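Here's start.csv, which has CSV, C-alpha atoms:
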```
chain,number,residue,atom,x,y,z
A,16,MET,CA,6.0,-6.7,7.3
A,17,ILE,CA,5.4,-6.2,10.9
A,18,ASP,CA,8.3,-6.3,13.3
A,19,LEU,CA,8.3,-9.9,14.5
A,20,LYS,CA,10.9,-9.2,17.2
A,21,TYR,CA,8.7,-6.5,18.6
A,22,ILE,CA,5.7,-8.8,18.6
A,23,GLN,CA,7.6,-11.6,20.3
A,24,ASN,CA,9.0,-9.3,23.0
A,25,HIS,CA,5.8,-7.2,23.5
A,26,PHE,CA,3.0,-9.5,22.5
A,27,ASP,CA,0.2,-8.0,24.6
A,28,ASP,CA,0.9,-4.5,23.5
A,29,ALA,CA,1.3,-5.5,19.9
A,30,SER,CA,-2.0,-7.4,20.1
A,31,GLU,CA,-3.9,-4.4,21.4
A,32,ARG,CA,-2.5,-2.3,18.5
A,33,LEU,CA,-3.5,-4.9,15.9
A,34,LEU,CA,-7.0,-5.3,17.4
A,35,LYS,CA,-7.4,-1.6,16.9
A,36,LYS,CA,-7.0,-2.3,13.2
A,37,GLY,CA,-9.5,-5.1,13.2
A,38,VAL,CA,-7.2,-8.2,13.3
A,39,ASP,CA,-9.1,-11.3,14.5
A,40,ARG,CA,-8.1,-12.5,17.9
A,41,ALA,CA,-7.9,-16.0,16.5
A,42,ILE,CA,-5.1,-14.9,14.1
A,43,LEU,CA,-3.2,-13.4,17.1
A,44,THR,CA,-3.6,-16.7,19.0
A,45,GLN,CA,-2.3,-18.5,16.0
A,46,LEU,CA,0.7,-16.1,15.7
A,47,LYS,CA,1.6,-16.8,19.4
A,48,GLU,CA,1.4,-20.5,18.8
A,49,ARG,CA,3.8,-20.3,15.8
A,50,PHE,CA,6.2,-18.2,17.9
A,51,ALA,CA,6.1,-21.0,20.5
A,52,LYS,CA,6.6,-23.7,17.9
A,53,LEU,CA,9.6,-21.9,16.4
A,54,LYS,CA,11.1,-21.4,19.8
A,55,GLU,CA,10.7,-25.1,20.7
A,56,ALA,CA,12.1,-26.2,17.3
A,57,ASN,CA,15.1,-23.9,17.6
A,58,ALA,CA,15.8,-25.0,21.2
A,59,ALA,CA,15.7,-28.7,20.2
A,60,LEU,CA,18.1,-28.0,17.3
A,61,GLU,CA,20.5,-25.9,19.4
A,62,THR,CA,20.6,-28.7,22.1
A,63,ALA,CA,21.5,-31.3,19.4
A,64,LYS,CA,24.1,-29.0,17.9
A,65,ALA,CA,25.7,-28.3,21.3
A,66,GLU,CA,25.8,-32.0,22.0
A,67,GLN,CA,27.4,-32.6,18.6
A,68,ASN,CA,30.1,-30.0,19.3
A,69,SER,CA,30.7,-31.5,22.8
A,70,MET,CA,31.2,-35.0,21.5
A,71,SER,CA,33.3,-33.8,18.5
A,72,LYS,CA,35.8,-32.2,20.9
A,73,LEU,CA,36.3,-35.6,22.6
A,74,PHE,CA,38.0,-37.2,19.5
A,75,GLY,CA,41.3,-35.4,20.2
A,76,GLN,CA,41.2,-36.4,23.8
A,77,TYR,CA,40.4,-40.0,23.0
A,78,LYS,CA,43.3,-40.2,20.6
A,79,ARG,CA,45.7,-38.6,23.1
A,80,GLU,CA,44.6,-41.1,25.8
A,81,GLY,CA,44.7,-44.1,23.3
A,82,LYS,CA,40.9,-44.8,23.8
A,83,ASP,CA,38.8,-46.5,21.2
A,84,ILE,CA,36.8,-44.0,19.2
A,85,GLY,CA,34.4,-46.4,17.6
A,86,GLU,CA,31.6,-46.0,20.1
A,87,LEU,CA,32.1,-42.2,20.2
A,88,LYS,CA,32.0,-42.1,16.4
A,89,ALA,CA,28.8,-44.1,16.3
A,90,LYS,CA,27.2,-41.6,18.7
A,91,VAL,CA,28.4,-38.6,16.7
A,92,ASP,CA,27.0,-40.1,13.5
A,93,ALA,CA,23.7,-40.9,15.1
A,94,ASN,CA,23.4,-37.4,16.5
A,95,LYS,CA,24.4,-35.9,13.2
A,96,ALA,CA,21.6,-37.9,11.5
A,97,ALA,CA,19.1,-36.7,14.2
A,98,ILE,CA,20.0,-33.1,13.5
A,99,VAL,CA,18.7,-33.2,9.9
A,100,PRO,CA,15.0,-33.5,10.8
A,101,LEU,CA,15.5,-31.0,13.6
A,102,GLN,CA,16.8,-28.5,11.1
A,103,GLU,CA,13.9,-29.2,8.8
A,104,ALA,CA,11.5,-28.7,11.6
A,105,ALA,CA,13.0,-25.4,12.5
A,106,ARG,CA,12.9,-24.2,8.9
A,107,ALA,CA,9.3,-25.3,8.6
A,108,ALA,CA,8.4,-23.5,11.8
A,109,GLU,CA,10.1,-20.3,10.6
A,110,ALA,CA,8.4,-20.5,7.2
A,111,ALA,CA,5.0,-21.0,8.8
A,112,LEU,CA,5.6,-17.9,11.0
A,113,SER,CA,6.7,-15.8,8.1
A,114,GLU,CA,3.8,-17.0,6.0
A,115,LEU,CA,1.3,-15.9,8.6
A,116,ALA,CA,3.2,-12.6,9.3
A,117,LEU,CA,2.8,-11.6,5.6
A,118,THR,CA,-1.0,-11.6,6.1
A,119,ILE,CA,-0.9,-9.4,9.2
A,120,PRO,CA,-1.4,-5.6,8.7
A,121,ASN,CA,0.8,-2.8,9.8
A,122,PHE,CA,0.4,-1.3,13.3
A,123,PRO,CA,-1.7,1.8,13.4
A,124,ASP,CA,-0.1,4.9,14.9
A,125,GLU,CA,-1.1,5.7,18.5
A,126,THR,CA,-2.8,8.9,17.3
A,127,VAL,CA,-5.2,7.0,14.9
A,128,PRO,CA,-8.8,7.3,16.1
A,129,GLU,CA,-10.6,4.2,17.4
A,130,GLY,CA,-13.3,2.9,15.1
A,131,ALA,CA,-14.5,-0.3,13.3
A,132,ASP,CA,-15.2,1.2,9.9
A,133,GLU,CA,-15.6,4.5,8.0
A,134,GLY,CA,-18.1,5.6,10.5
A,135,GLY,CA,-15.3,6.2,13.0
A,136,ASN,CA,-13.3,8.5,10.6
A,137,VAL,CA,-12.7,12.0,11.9
A,138,GLU,CA,-13.1,15.2,9.7
A,139,ILE,CA,-10.1,17.5,10.1
A,140,ARG,CA,-11.2,20.4,8.1
A,141,LYS,CA,-13.1,21.6,5.0
A,142,VAL,CA,-11.4,23.5,2.2
A,143,LEU,CA,-13.4,25.8,-0.1
A,144,GLU,CA,-17.2,26.3,0.1
A,145,PRO,CA,-19.4,24.3,-2.2
A,146,ARG,CA,-21.1,26.3,-4.9
A,147,THR,CA,-24.7,27.3,-4.6
A,148,PHE,CA,-26.7,26.3,-7.7
A,149,ASP,CA,-29.8,28.1,-9.0
A,150,PHE,CA,-30.8,24.8,-10.6
A,151,GLU,CA,-30.8,21.1,-9.6
A,152,PRO,CA,-27.3,19.9,-10.3
A,153,LEU,CA,-27.0,16.7,-12.3
A,154,GLU,CA,-24.9,13.7,-11.6
A,155,HIS,CA,-21.9,13.0,-13.8
A,156,TRP,CA,-23.5,10.2,-15.8
A,157,ALA,CA,-26.4,12.4,-16.8
A,158,LEU,CA,-24.0,15.2,-17.8
A,159,ALA,CA,-22.0,12.6,-19.7
A,160,GLU,CA,-25.0,11.7,-21.7
A,161,LYS,CA,-25.9,15.3,-22.5
A,162,ASN,CA,-22.4,16.1,-23.6
A,163,GLY,CA,-21.4,12.8,-25.2
A,164,TRP,CA,-18.4,12.6,-22.9
A,165,ILE,CA,-18.5,9.1,-21.5
A,166,ASP,CA,-19.7,6.0,-23.4
A,167,PHE,CA,-20.6,3.4,-20.7
A,168,GLU,CA,-22.3,1.0,-23.1
A,169,ARG,CA,-19.3,0.6,-25.4
A,170,GLY,CA,-16.9,0.3,-22.5
A,171,VAL,CA,-19.0,-2.8,-21.4
A,172,LYS,CA,-19.0,-4.1,-25.0
A,173,LEU,CA,-15.2,-3.7,-25.3
A,174,ALA,CA,-14.5,-5.3,-22.0
A,175,LYS,CA,-17.2,-5.9,-19.3
A,176,SER,CA,-19.0,-3.9,-16.6
A,177,ARG,CA,-17.1,-1.2,-14.8
A,178,PHE,CA,-15.2,-0.2,-17.9
A,179,SER,CA,-16.0,3.0,-19.9
A,180,VAL,CA,-14.8,5.0,-22.8
A,181,LEU,CA,-14.0,8.7,-22.6
A,182,ARG,CA,-14.8,10.6,-25.8
A,183,GLY,CA,-13.9,14.0,-27.3
A,184,GLU,CA,-13.5,16.8,-24.7
A,185,ALA,CA,-13.6,14.3,-21.8
A,186,ALA,CA,-10.6,12.4,-23.3
A,187,ARG,CA,-8.8,15.7,-23.7
A,188,LEU,CA,-9.7,16.8,-20.1
A,189,GLU,CA,-8.4,13.4,-18.8
A,190,ARG,CA,-5.0,14.0,-20.5
A,191,ALA,CA,-5.0,17.7,-19.4
A,192,LEU,CA,-5.4,16.6,-15.7
A,193,ILE,CA,-2.6,14.0,-16.0
A,194,ASN,CA,-0.2,16.7,-17.3
A,195,PHE,CA,-1.4,19.3,-14.8
A,196,PHE,CA,-0.8,16.9,-11.8
A,197,LEU,CA,2.6,15.7,-13.0
A,198,ASP,CA,3.7,19.3,-13.7
A,199,ARG,CA,2.7,20.5,-10.2
A,200,ASN,CA,4.2,17.5,-8.5
A,201,ARG,CA,7.5,18.0,-10.4
A,202,GLN,CA,7.5,21.7,-9.3
A,203,LYS,CA,7.2,20.5,-5.7
A,204,GLY,CA,10.3,18.4,-6.0
A,205,PHE,CA,9.0,15.0,-7.1
A,206,GLU,CA,11.0,13.3,-9.8
A,207,GLU,CA,8.7,12.3,-12.7
A,208,LEU,CA,9.0,8.6,-13.7
A,209,TYR,CA,7.3,6.5,-16.4
A,210,VAL,CA,7.1,2.9,-15.1
A,211,PRO,CA,5.9,-0.5,-16.2
A,212,PHE,CA,2.2,-1.1,-15.8
A,213,MET,CA,2.9,-4.7,-14.7
A,214,ALA,CA,4.8,-6.0,-11.7
A,215,ASN,CA,6.0,-9.4,-10.5
A,216,SER,CA,4.9,-11.1,-7.3
A,217,THR,CA,8.0,-10.1,-5.3
A,218,MET,CA,7.3,-6.4,-5.9
A,219,LEU,CA,3.6,-6.8,-4.9
A,220,GLN,CA,4.6,-8.6,-1.8
A,221,GLY,CA,7.0,-5.8,-1.0
A,222,THR,CA,4.3,-3.2,-0.9
A,223,GLY,CA,1.7,-5.5,0.8
A,224,GLN,CA,-0.7,-6.4,-2.0
A,225,LEU,CA,0.4,-10.0,-1.9
A,226,PRO,CA,-0.3,-12.5,-0.6
A,227,LYS,CA,-3.4,-11.2,1.2
A,228,PHE,CA,-5.1,-9.3,-1.7
A,229,ALA,CA,-4.5,-11.6,-4.6
A,230,ASP,CA,-8.2,-11.8,-5.4
A,231,ASP,CA,-8.3,-8.1,-6.2
A,232,LEU,CA,-5.4,-8.3,-8.8
A,233,PHE,CA,-5.5,-9.0,-12.5
A,234,LYS,CA,-2.9,-11.7,-13.1
A,235,ILE,CA,-1.3,-12.4,-16.4
A,236,GLU,CA,-1.8,-16.1,-17.4
A,237,ASP,CA,1.4,-18.2,-17.3
A,238,GLU,CA,3.5,-15.3,-16.2
A,239,ASP,CA,4.7,-14.1,-12.8
A,240,LEU,CA,3.2,-10.7,-13.7
A,241,TYR,CA,0.2,-8.7,-12.5
A,242,LEU,CA,-1.4,-5.5,-13.8
A,243,ILE,CA,-0.6,-2.9,-11.1
A,244,PRO,CA,-3.4,-1.7,-8.8
A,245,THR,CA,-1.5,1.6,-8.2
A,246,ALA,CA,1.8,3.2,-9.2
A,247,GLU,CA,2.8,2.9,-5.5
A,248,VAL,CA,3.9,-0.7,-6.4
A,249,PRO,CA,6.6,0.1,-9.0
A,250,LEU,CA,7.6,3.5,-7.5
A,251,THR,CA,8.2,2.1,-4.0
A,252,ASN,CA,10.0,-1.0,-5.3
A,253,MET,CA,12.4,1.1,-7.4
A,254,TYR,CA,14.7,0.6,-4.5
A,255,HIS,CA,13.7,-2.9,-3.6
A,256,ASP,CA,16.6,-4.7,-1.8
A,257,GLU,CA,18.9,-1.7,-2.0
A,258,ILE,CA,20.8,0.3,0.5
A,259,LEU,CA,20.7,4.1,0.0
A,260,SER,CA,23.1,6.6,1.4
A,261,GLU,CA,21.6,9.0,3.9
A,262,ASP,CA,22.2,12.0,1.6
A,263,GLN,CA,20.0,10.4,-1.1
A,264,LEU,CA,17.0,10.8,1.2
A,265,PRO,CA,14.3,11.8,0.8
A,266,VAL,CA,13.6,10.2,-2.6
A,267,LEU,CA,10.4,11.9,-4.0
A,268,MET,CA,8.8,10.3,-7.0
A,269,THR,CA,5.7,10.8,-9.1
A,270,ALA,CA,4.2,8.9,-12.0
A,271,TYR,CA,1.1,8.6,-14.1
A,272,THR,CA,-0.2,5.0,-14.6
A,273,PRO,CA,-3.5,3.3,-15.3
A,274,CYS,CA,-4.5,1.2,-12.3
A,275,PHE,CA,-6.3,-2.1,-12.5
A,276,ARG,CA,-8.4,-3.6,-9.7
A,277,LYS,CA,-11.0,-6.4,-9.7
A,278,GLU,CA,-12.9,-4.5,-7.0
A,279,ALA,CA,-13.4,-7.7,-5.2
A,280,GLY,CA,-16.1,-7.3,-2.5
A,281,SER,CA,-17.6,-4.2,-4.1
A,282,ALA,CA,-20.6,-5.9,-5.7
A,283,GLY,CA,-23.5,-3.6,-5.8
A,284,ARG,CA,-21.5,-0.5,-4.9
A,285,ASP,CA,-21.3,2.4,-7.3
A,286,THR,CA,-22.5,0.3,-10.2
A,287,ARG,CA,-23.6,3.4,-12.1
A,288,GLY,CA,-21.2,5.9,-13.5
A,289,MET,CA,-17.4,6.1,-13.3
A,290,ILE,CA,-16.8,6.2,-9.5
A,291,ARG,CA,-15.6,2.6,-9.2
A,292,GLN,CA,-13.9,1.1,-12.3
A,293,HIS,CA,-11.7,-1.9,-13.0
A,294,GLN,CA,-9.3,0.5,-14.9
A,295,PHE,CA,-8.7,4.1,-14.0
A,296,ASP,CA,-6.0,6.7,-14.3
A,297,LYS,CA,-4.1,8.0,-11.3
A,298,VAL,CA,-1.0,10.2,-10.7
A,299,GLU,CA,0.8,9.0,-7.6
A,300,MET,CA,3.3,10.4,-5.2
A,301,VAL,CA,5.8,8.2,-3.3
A,302,ALA,CA,8.4,9.2,-0.8
A,303,ILE,CA,11.2,7.1,0.6
A,304,THR,CA,12.7,9.0,3.6
A,305,HIS,CA,14.7,9.0,6.8
A,306,PRO,CA,12.4,8.0,9.7
A,307,ASP,CA,13.0,11.4,11.4
A,308,ARG,CA,11.4,13.2,8.4
A,309,SER,CA,8.5,11.0,7.6
A,310,ASP,CA,5.9,13.0,9.6
A,311,GLU,CA,7.0,16.2,7.9
A,312,ILE,CA,6.8,14.7,4.4
A,313,PHE,CA,3.5,13.1,5.2
A,314,GLU,CA,2.1,16.6,5.9
A,315,MET,CA,3.7,18.0,2.8
A,316,MET,CA,2.1,15.3,0.6
A,317,VAL,CA,-1.4,15.9,2.1
A,318,GLN,CA,-1.0,19.6,1.5
A,319,GLN,CA,0.1,18.9,-2.1
A,320,ALA,CA,-3.0,16.9,-2.9
A,321,SER,CA,-5.2,19.5,-1.2
A,322,ASP,CA,-3.4,22.3,-3.2
A,323,LEU,CA,-4.2,20.5,-6.5
A,324,LEU,CA,-7.9,20.4,-5.6
A,325,SER,CA,-7.8,24.1,-4.5
A,326,GLU,CA,-6.2,25.2,-7.8
A,327,LEU,CA,-8.9,23.4,-9.6
A,328,GLY,CA,-11.5,25.2,-7.5
A,329,LEU,CA,-12.9,21.9,-6.1
A,330,PRO,CA,-14.3,22.0,-2.6
A,331,HIS,CA,-13.0,19.1,-0.5
A,332,ARG,CA,-12.4,18.0,3.1
A,333,LEU,CA,-9.6,16.2,4.9
A,334,VAL,CA,-10.5,13.1,6.9
A,335,GLU,CA,-8.4,11.1,9.4
A,336,LEU,CA,-9.1,7.4,9.0
A,337,CYS,CA,-9.8,5.3,12.1
A,338,GLY,CA,-8.1,2.1,12.9
A,339,GLY,CA,-10.8,-0.1,11.3
A,340,ASP,CA,-10.8,1.8,8.0
A,341,LEU,CA,-7.0,1.9,7.6
A,342,GLY,CA,-5.4,0.1,4.6
A,343,PHE,CA,-3.3,-3.0,5.2
A,344,SER,CA,0.1,-1.3,4.9
A,345,ALA,CA,-0.9,2.1,6.4
A,346,ALA,CA,0.1,3.3,9.9
A,347,ARG,CA,-1.8,6.5,9.3
A,348,THR,CA,-4.0,7.8,6.4
A,349,ILE,CA,-5.6,11.1,5.6
A,350,ASP,CA,-8.3,10.9,2.9
A,351,LEU,CA,-9.2,13.9,0.8
A,352,GLU,CA,-12.8,13.8,-0.2
A,353,VAL,CA,-14.1,16.0,-3.0
A,354,TRP,CA,-17.6,17.6,-3.0
A,355,LEU,CA,-19.9,16.1,-5.7
A,356,PRO,CA,-23.0,18.4,-5.9
A,357,GLY,CA,-24.9,15.9,-8.1
A,358,GLN,CA,-24.6,13.3,-5.4
A,359,ASN,CA,-24.8,15.9,-2.6
A,360,THR,CA,-21.9,14.3,-0.8
A,361,TYR,CA,-18.1,14.1,-0.4
A,362,ARG,CA,-16.3,11.2,-2.1
A,363,GLU,CA,-12.7,10.0,-1.7
A,364,ILE,CA,-10.3,11.4,-4.4
A,365,SER,CA,-7.0,10.8,-2.7
A,366,SER,CA,-5.5,8.8,0.2
A,367,VAL,CA,-2.2,9.8,1.6
A,368,SER,CA,-0.6,7.2,3.8
A,369,THR,CA,2.6,6.6,5.8
A,370,THR,CA,3.6,3.0,6.2
A,371,ARG,CA,6.5,3.7,8.6
A,372,ASP,CA,9.0,0.9,8.0
A,373,PHE,CA,6.3,-1.8,7.2
A,374,GLN,CA,6.9,-1.8,3.4
A,375,ALA,CA,10.6,-1.2,3.8
A,376,ARG,CA,11.0,-4.4,5.9
A,377,ARG,CA,9.1,-6.4,3.3
A,378,ALA,CA,11.0,-4.9,0.4
A,379,LYS,CA,14.3,-4.7,2.2
A,380,ILE,CA,14.8,-1.0,1.5
A,381,ARG,CA,17.5,0.4,3.8
A,382,PHE,CA,19.8,3.4,4.2
A,383,LYS,CA,23.3,3.7,5.6
A,384,ASP,CA,23.2,5.5,9.0
A,385,GLY,CA,26.8,5.8,10.0
A,386,LYS,CA,28.1,2.2,10.2
A,387,LYS,CA,24.6,0.7,10.5
A,388,ASN,CA,21.9,-0.1,7.9
A,389,ARG,CA,18.5,1.1,9.0
A,390,LEU,CA,15.0,0.7,7.4
A,391,VAL,CA,13.7,3.7,5.6
A,392,HIS,CA,10.1,4.9,5.9
A,393,THR,CA,7.8,4.9,2.8
A,394,LEU,CA,4.8,7.1,2.1
A,395,ASN,CA,2.4,7.2,-0.8
A,396,GLY,CA,-0.6,9.3,-1.9
A,397,SER,CA,-2.8,10.0,-4.9
A,398,ALA,CA,-2.3,13.4,-6.5
A,399,LEU,CA,-4.8,12.7,-7.9
A,400,ALA,CA,-7.2,10.0,-9.0
A,401,VAL,CA,-7.8,11.4,-12.5
A,402,GLY,CA,-11.2,9.9,-13.3
A,403,ARG,CA,-12.7,11.1,-10.1
A,404,THR,CA,-11.3,14.6,-10.6
A,405,LEU,CA,-12.9,14.6,-14.0
A,406,ILE,CA,-16.2,13.6,-12.4
A,407,ALA,CA,-15.8,16.4,-9.8
A,408,ILE,CA,-15.1,19.0,-12.5
A,409,MET,CA,-18.2,17.8,-14.4
A,410,GLU,CA,-20.5,18.2,-11.4
A,411,ASN,CA,-19.0,21.3,-9.9
A,412,TYR,CA,-18.5,23.2,-13.2
A,413,GLN,CA,-21.9,22.3,-14.8
A,414,ASN,CA,-24.2,25.0,-16.2
A,415,GLY,CA,-27.9,25.1,-16.2
A,416,ASP,CA,-28.1,24.0,-19.8
A,417,GLY,CA,-25.9,21.0,-19.1
A,418,THR,CA,-22.7,22.3,-20.6
A,419,ILE,CA,-19.5,22.1,-18.5
A,420,ALA,CA,-17.0,24.9,-18.0
A,421,ILE,CA,-13.2,24.2,-17.7
A,422,PRO,CA,-11.2,25.4,-14.6
A,423,GLU,CA,-8.9,28.3,-15.5
A,424,VAL,CA,-5.7,26.3,-14.6
A,425,LEU,CA,-6.5,23.6,-17.2
A,426,LYS,CA,-7.2,25.9,-20.1
A,427,PRO,CA,-3.5,26.0,-21.2
A,428,TYR,CA,-3.6,22.2,-21.3
A,429,MET,CA,-6.8,22.1,-23.4
```
Do you think you could lay out the structure here as C-alpha cells?
Amino acid sequence: MIDLKYIQNHFDDASERLLKKGVDRAILTQLKERFAKLKEANAALETAKAEQNSMSKLFGQYKREGKDIGELKAKVDANKAAIVPLQEAARAAEAALSELALTIPNFPDETVPEGADEGGNVEIRKVLEPRTFDFEPLEHWALAEKNGWIDFERGVKLAKSRFSVLRGEAARLERALINFFLDRNRQKGFEELYVPFMANSTMLQGTGQLPKFADDLFKIEDEDLYLIPTAEVPLTNMYHDEILSEDQLPVLMTAYTPCFRKEAGSAGRDTRGMIRQHQFDKVEMVAITHPDRSDEIFEMMVQQASDLLSELGLPHRLVELCGGDLGFSAARTIDLEVWLPGQNTYREISSVSTTRDFQARRAKIRFKDGKKNRLVHTLNGSALAVGRTLIAIMENYQNGDGTIAIPEVLKPYM
C-alpha cells in the first residue's frame, strides 16, 4: 500500500508521481477529501475526549469542596454518550480512506520514463542476434500442427477457449524447461519451494491483486480461496505479518506453479495459439531484502532471466517500462522480450519488478533494524514463463521441413 503519511504531508508531489502512472485526477481529489474528512472526524473526537478528561478531573475537586456533583455527572454522562458516534465517525472515515488507498498503485521510481502506454517503453539493449532463415519461418501454431505438439481443439473441449493440451515431445519439453529453470535459479542462490496453487484473499491483498483486480482472478465458490495468478503471491506472503532478523536478508525464493488468469480486458488479443492462456506454467523468482540492497538484487534478477534465455540461445531484448505501462505494485519494471521469427517481433517472456516497500506495507513484512522494525523491499520476476519459452524454442529452432531442434542445454533433461 502507498505510504499515506507521505501523501498527507506531500500531497502535491505524491499526486504528480501518481499521475505519471496514469492515476485519474478525480481519484486524487477523492483521496484528498477523505484525508480532510478523517482529520475533521479525529479533531472532533479529540476535542470531546479532552473535554471528558477535563470534566472527570473535577469530581475530586468538587468532593473536596463539598459541592454537588449531580450536574457535573450529568454533563459527563452526556459527553460520554456523544463520544460514541464521534468514535464511529472517525472509524468510518479511516476505513473509507484505507479502502480507497488499497486501490491506488505504487509510486513509480523517479528514473521511470514518462509515457501513457507501452509506446513509451524504452529499449535498453538487445542480447543475441536473431537467426537468419533460408526459408519462411512458421508461427508456433503451424509448427504445432505439423508436429502434433499442441492440441488447441481438445483444450477448448476440456475447458473453454484459451486452454490447450501439450502432447508428446511438447509435454516433455515443458517439463524439461521447468526443471532447467529451477536448477539454474537454485544454483544462483534461490531456495526452491513448492507452494499451494490457491491463496486466500488476505494474501492476494498483500501483493496487490485484491481488491482492484478481482475480475481477473478465478475464485473458488463458497471458499475464501482463489487460483493464484502467479507464484509471486504465495512466495512473497510466506513472510506475511512477520518480523525477520536483518541477518536473514535477503530471502531469495523460486517456485514452479501453474498460473490462472481470466485475462479480463484482453478480448480479441492473441486469440490464436498459446501466447495468452487462462492457465500457463511459470517459474518465479521472489526476493525479500534490506532496502539498501534492493537495486543490486533487482539487477541480479534481471540478469538471471537474461542468462536463462542466453543459455537457451534465444535472442531477446531488455525494455524499461514507462510510468503508464507499469504494473499496479511495481515501482520499476524491466521486461525481457524474446524474438519470435514466425511473428517477426519481440514478445514479453519475463517481467522483473521492484515494489520497494509497497507490498511489504500491505503484507506487514518487516525486519529488525537495531531496536526498530522497518519495512523490507520485495521484488519478483519470471524466470521464465514456460509456455512462451516453449513457443520461442519452436519458432527459433525450427527446420525447413517443419521439425524442431532442441537446445543443447535441455538435452540432458529430455
>> Within 8 Å of (12.8, 10.5, 5.0) in the file's own coordinates, which protein, DNA or RNA residues have an atom, counting only C-alpha atoms? List them as a ChimeraX atom specification.
In response: /A:264-266,302-309,312,391-393
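Residues lying within 10 Å of Arg177 (chain A), counting only C-alpha atoms and ignoring same-chain neighbours fewer than 3 positions away, are Phe167, Gly170, Val171, Ala174, Lys277, Glu278, Asp285, Thr286, Arg287, Gly288, Met289, Ile290, Arg291, Gln292, His293, Gln294 and Phe295 of chain A.
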Would you mind listing, for every residue of region 320-351 of chain A within 12 Å of region 32-46 of chain A, the two atoms forming the shortest contact and the distance between them in Å to one decimal, using all atoms listed in the file, sorted by chain and ascending residue number, as a tab-separated table?
```
residue	atom	partner	partner_atom	distance
A:Leu336	CA	A:Lys36	CA	10.8
A:Cys337	CA	A:Lys36	CA	8.2
A:Gly338	CA	A:Lys36	CA	4.5
A:Gly339	CA	A:Lys36	CA	4.8
A:Asp340	CA	A:Lys36	CA	7.6
A:Leu341	CA	A:Lys36	CA	7.0
A:Gly342	CA	A:Lys36	CA	9.1
A:Phe343	CA	A:Lys36	CA	8.8
A:Ser344	CA	A:Lys36	CA	11.0
A:Ala345	CA	A:Lys36	CA	10.1
A:Ala346	CA	A:Lys36	CA	9.6
A:Arg347	CA	A:Lys36	CA	10.9
```
Using only C-alpha atoms, tabulate the residues of region 109-216 of chain A lying at most 9 Å from any atom of region 367-390 of chain A, each with its closest atom pair and that distance in Å to one decimal, by chain and increasing residue number, as JSON lines.
```
{"residue": "A:Leu117", "atom": "CA", "partner": "A:Arg377", "partner_atom": "CA", "distance": 8.5}
{"residue": "A:Pro120", "atom": "CA", "partner": "A:Phe373", "partner_atom": "CA", "distance": 8.7}
{"residue": "A:Asn121", "atom": "CA", "partner": "A:Phe373", "partner_atom": "CA", "distance": 6.2}
{"residue": "A:Phe122", "atom": "CA", "partner": "A:Phe373", "partner_atom": "CA", "distance": 8.5}
```
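For the choices A:Thr222, A:Ser113, A:Ser30, A:Ala191, the atom-to-atom distance to Leu394 (chain A) is smallest for A:Thr222 when using all atoms listed in the file.
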>> Would you compute the distance between CA of Phe26 (chain A) and CA of Gly223 (chain A)? Give it in Å to one decimal.
In response: 22.1 Å
Emit region 58-71 of chain A of the structure in the block as a file comprising N, CA and C atoms, as a JSON list (two decimals), in the first residue's frame.
```json
[["chain", "number", "residue", "atom", "x", "y", "z"],
["A", 58, "ALA", "N", -10.39, 15.31, 14.88],
["A", 58, "ALA", "CA", -10.34, 16.55, 15.67],
["A", 58, "ALA", "C", -11.57, 16.65, 16.58],
["A", 59, "ALA", "N", -12.74, 16.33, 16.02],
["A", 59, "ALA", "CA", -13.97, 16.38, 16.83],
["A", 59, "ALA", "C", -13.92, 15.37, 17.97],
["A", 60, "LEU", "N", -13.39, 14.19, 17.68],
["A", 60, "LEU", "CA", -13.28, 13.15, 18.70],
["A", 60, "LEU", "C", -12.29, 13.56, 19.79],
["A", 61, "GLU", "N", -11.15, 14.10, 19.40],
["A", 61, "GLU", "CA", -10.14, 14.50, 20.38],
["A", 61, "GLU", "C", -10.65, 15.65, 21.25],
["A", 62, "THR", "N", -11.41, 16.57, 20.67],
["A", 62, "THR", "CA", -11.98, 17.68, 21.46],
["A", 62, "THR", "C", -12.94, 17.14, 22.51],
["A", 63, "ALA", "N", -13.79, 16.19, 22.10],
["A", 63, "ALA", "CA", -14.75, 15.60, 23.04],
["A", 63, "ALA", "C", -14.04, 14.82, 24.14],
["A", 64, "LYS", "N", -12.97, 14.10, 23.77],
["A", 64, "LYS", "CA", -12.22, 13.34, 24.77],
["A", 64, "LYS", "C", -11.51, 14.27, 25.76],
["A", 65, "ALA", "N", -10.95, 15.36, 25.23],
["A", 65, "ALA", "CA", -10.27, 16.33, 26.09],
["A", 65, "ALA", "C", -11.25, 16.95, 27.08],
["A", 66, "GLU", "N", -12.45, 17.26, 26.57],
["A", 66, "GLU", "CA", -13.48, 17.82, 27.45],
["A", 66, "GLU", "C", -13.90, 16.81, 28.51],
["A", 67, "GLN", "N", -13.97, 15.54, 28.11],
["A", 67, "GLN", "CA", -14.33, 14.49, 29.06],
["A", 67, "GLN", "C", -13.28, 14.37, 30.16],
["A", 68, "ASN", "N", -12.02, 14.39, 29.78],
["A", 68, "ASN", "CA", -10.93, 14.29, 30.76],
["A", 68, "ASN", "C", -10.94, 15.48, 31.69],
["A", 69, "SER", "N", -11.18, 16.65, 31.13],
["A", 69, "SER", "CA", -11.21, 17.87, 31.95],
["A", 69, "SER", "C", -12.32, 17.83, 32.98],
["A", 70, "MET", "N", -13.51, 17.42, 32.55],
["A", 70, "MET", "CA", -14.64, 17.35, 33.49],
["A", 70, "MET", "C", -14.45, 16.24, 34.51],
["A", 71, "SER", "N", -13.84, 15.11, 34.10],
["A", 71, "SER", "CA", -13.63, 13.99, 35.03],
["A", 71, "SER", "C", -12.71, 14.39, 36.17]]
```
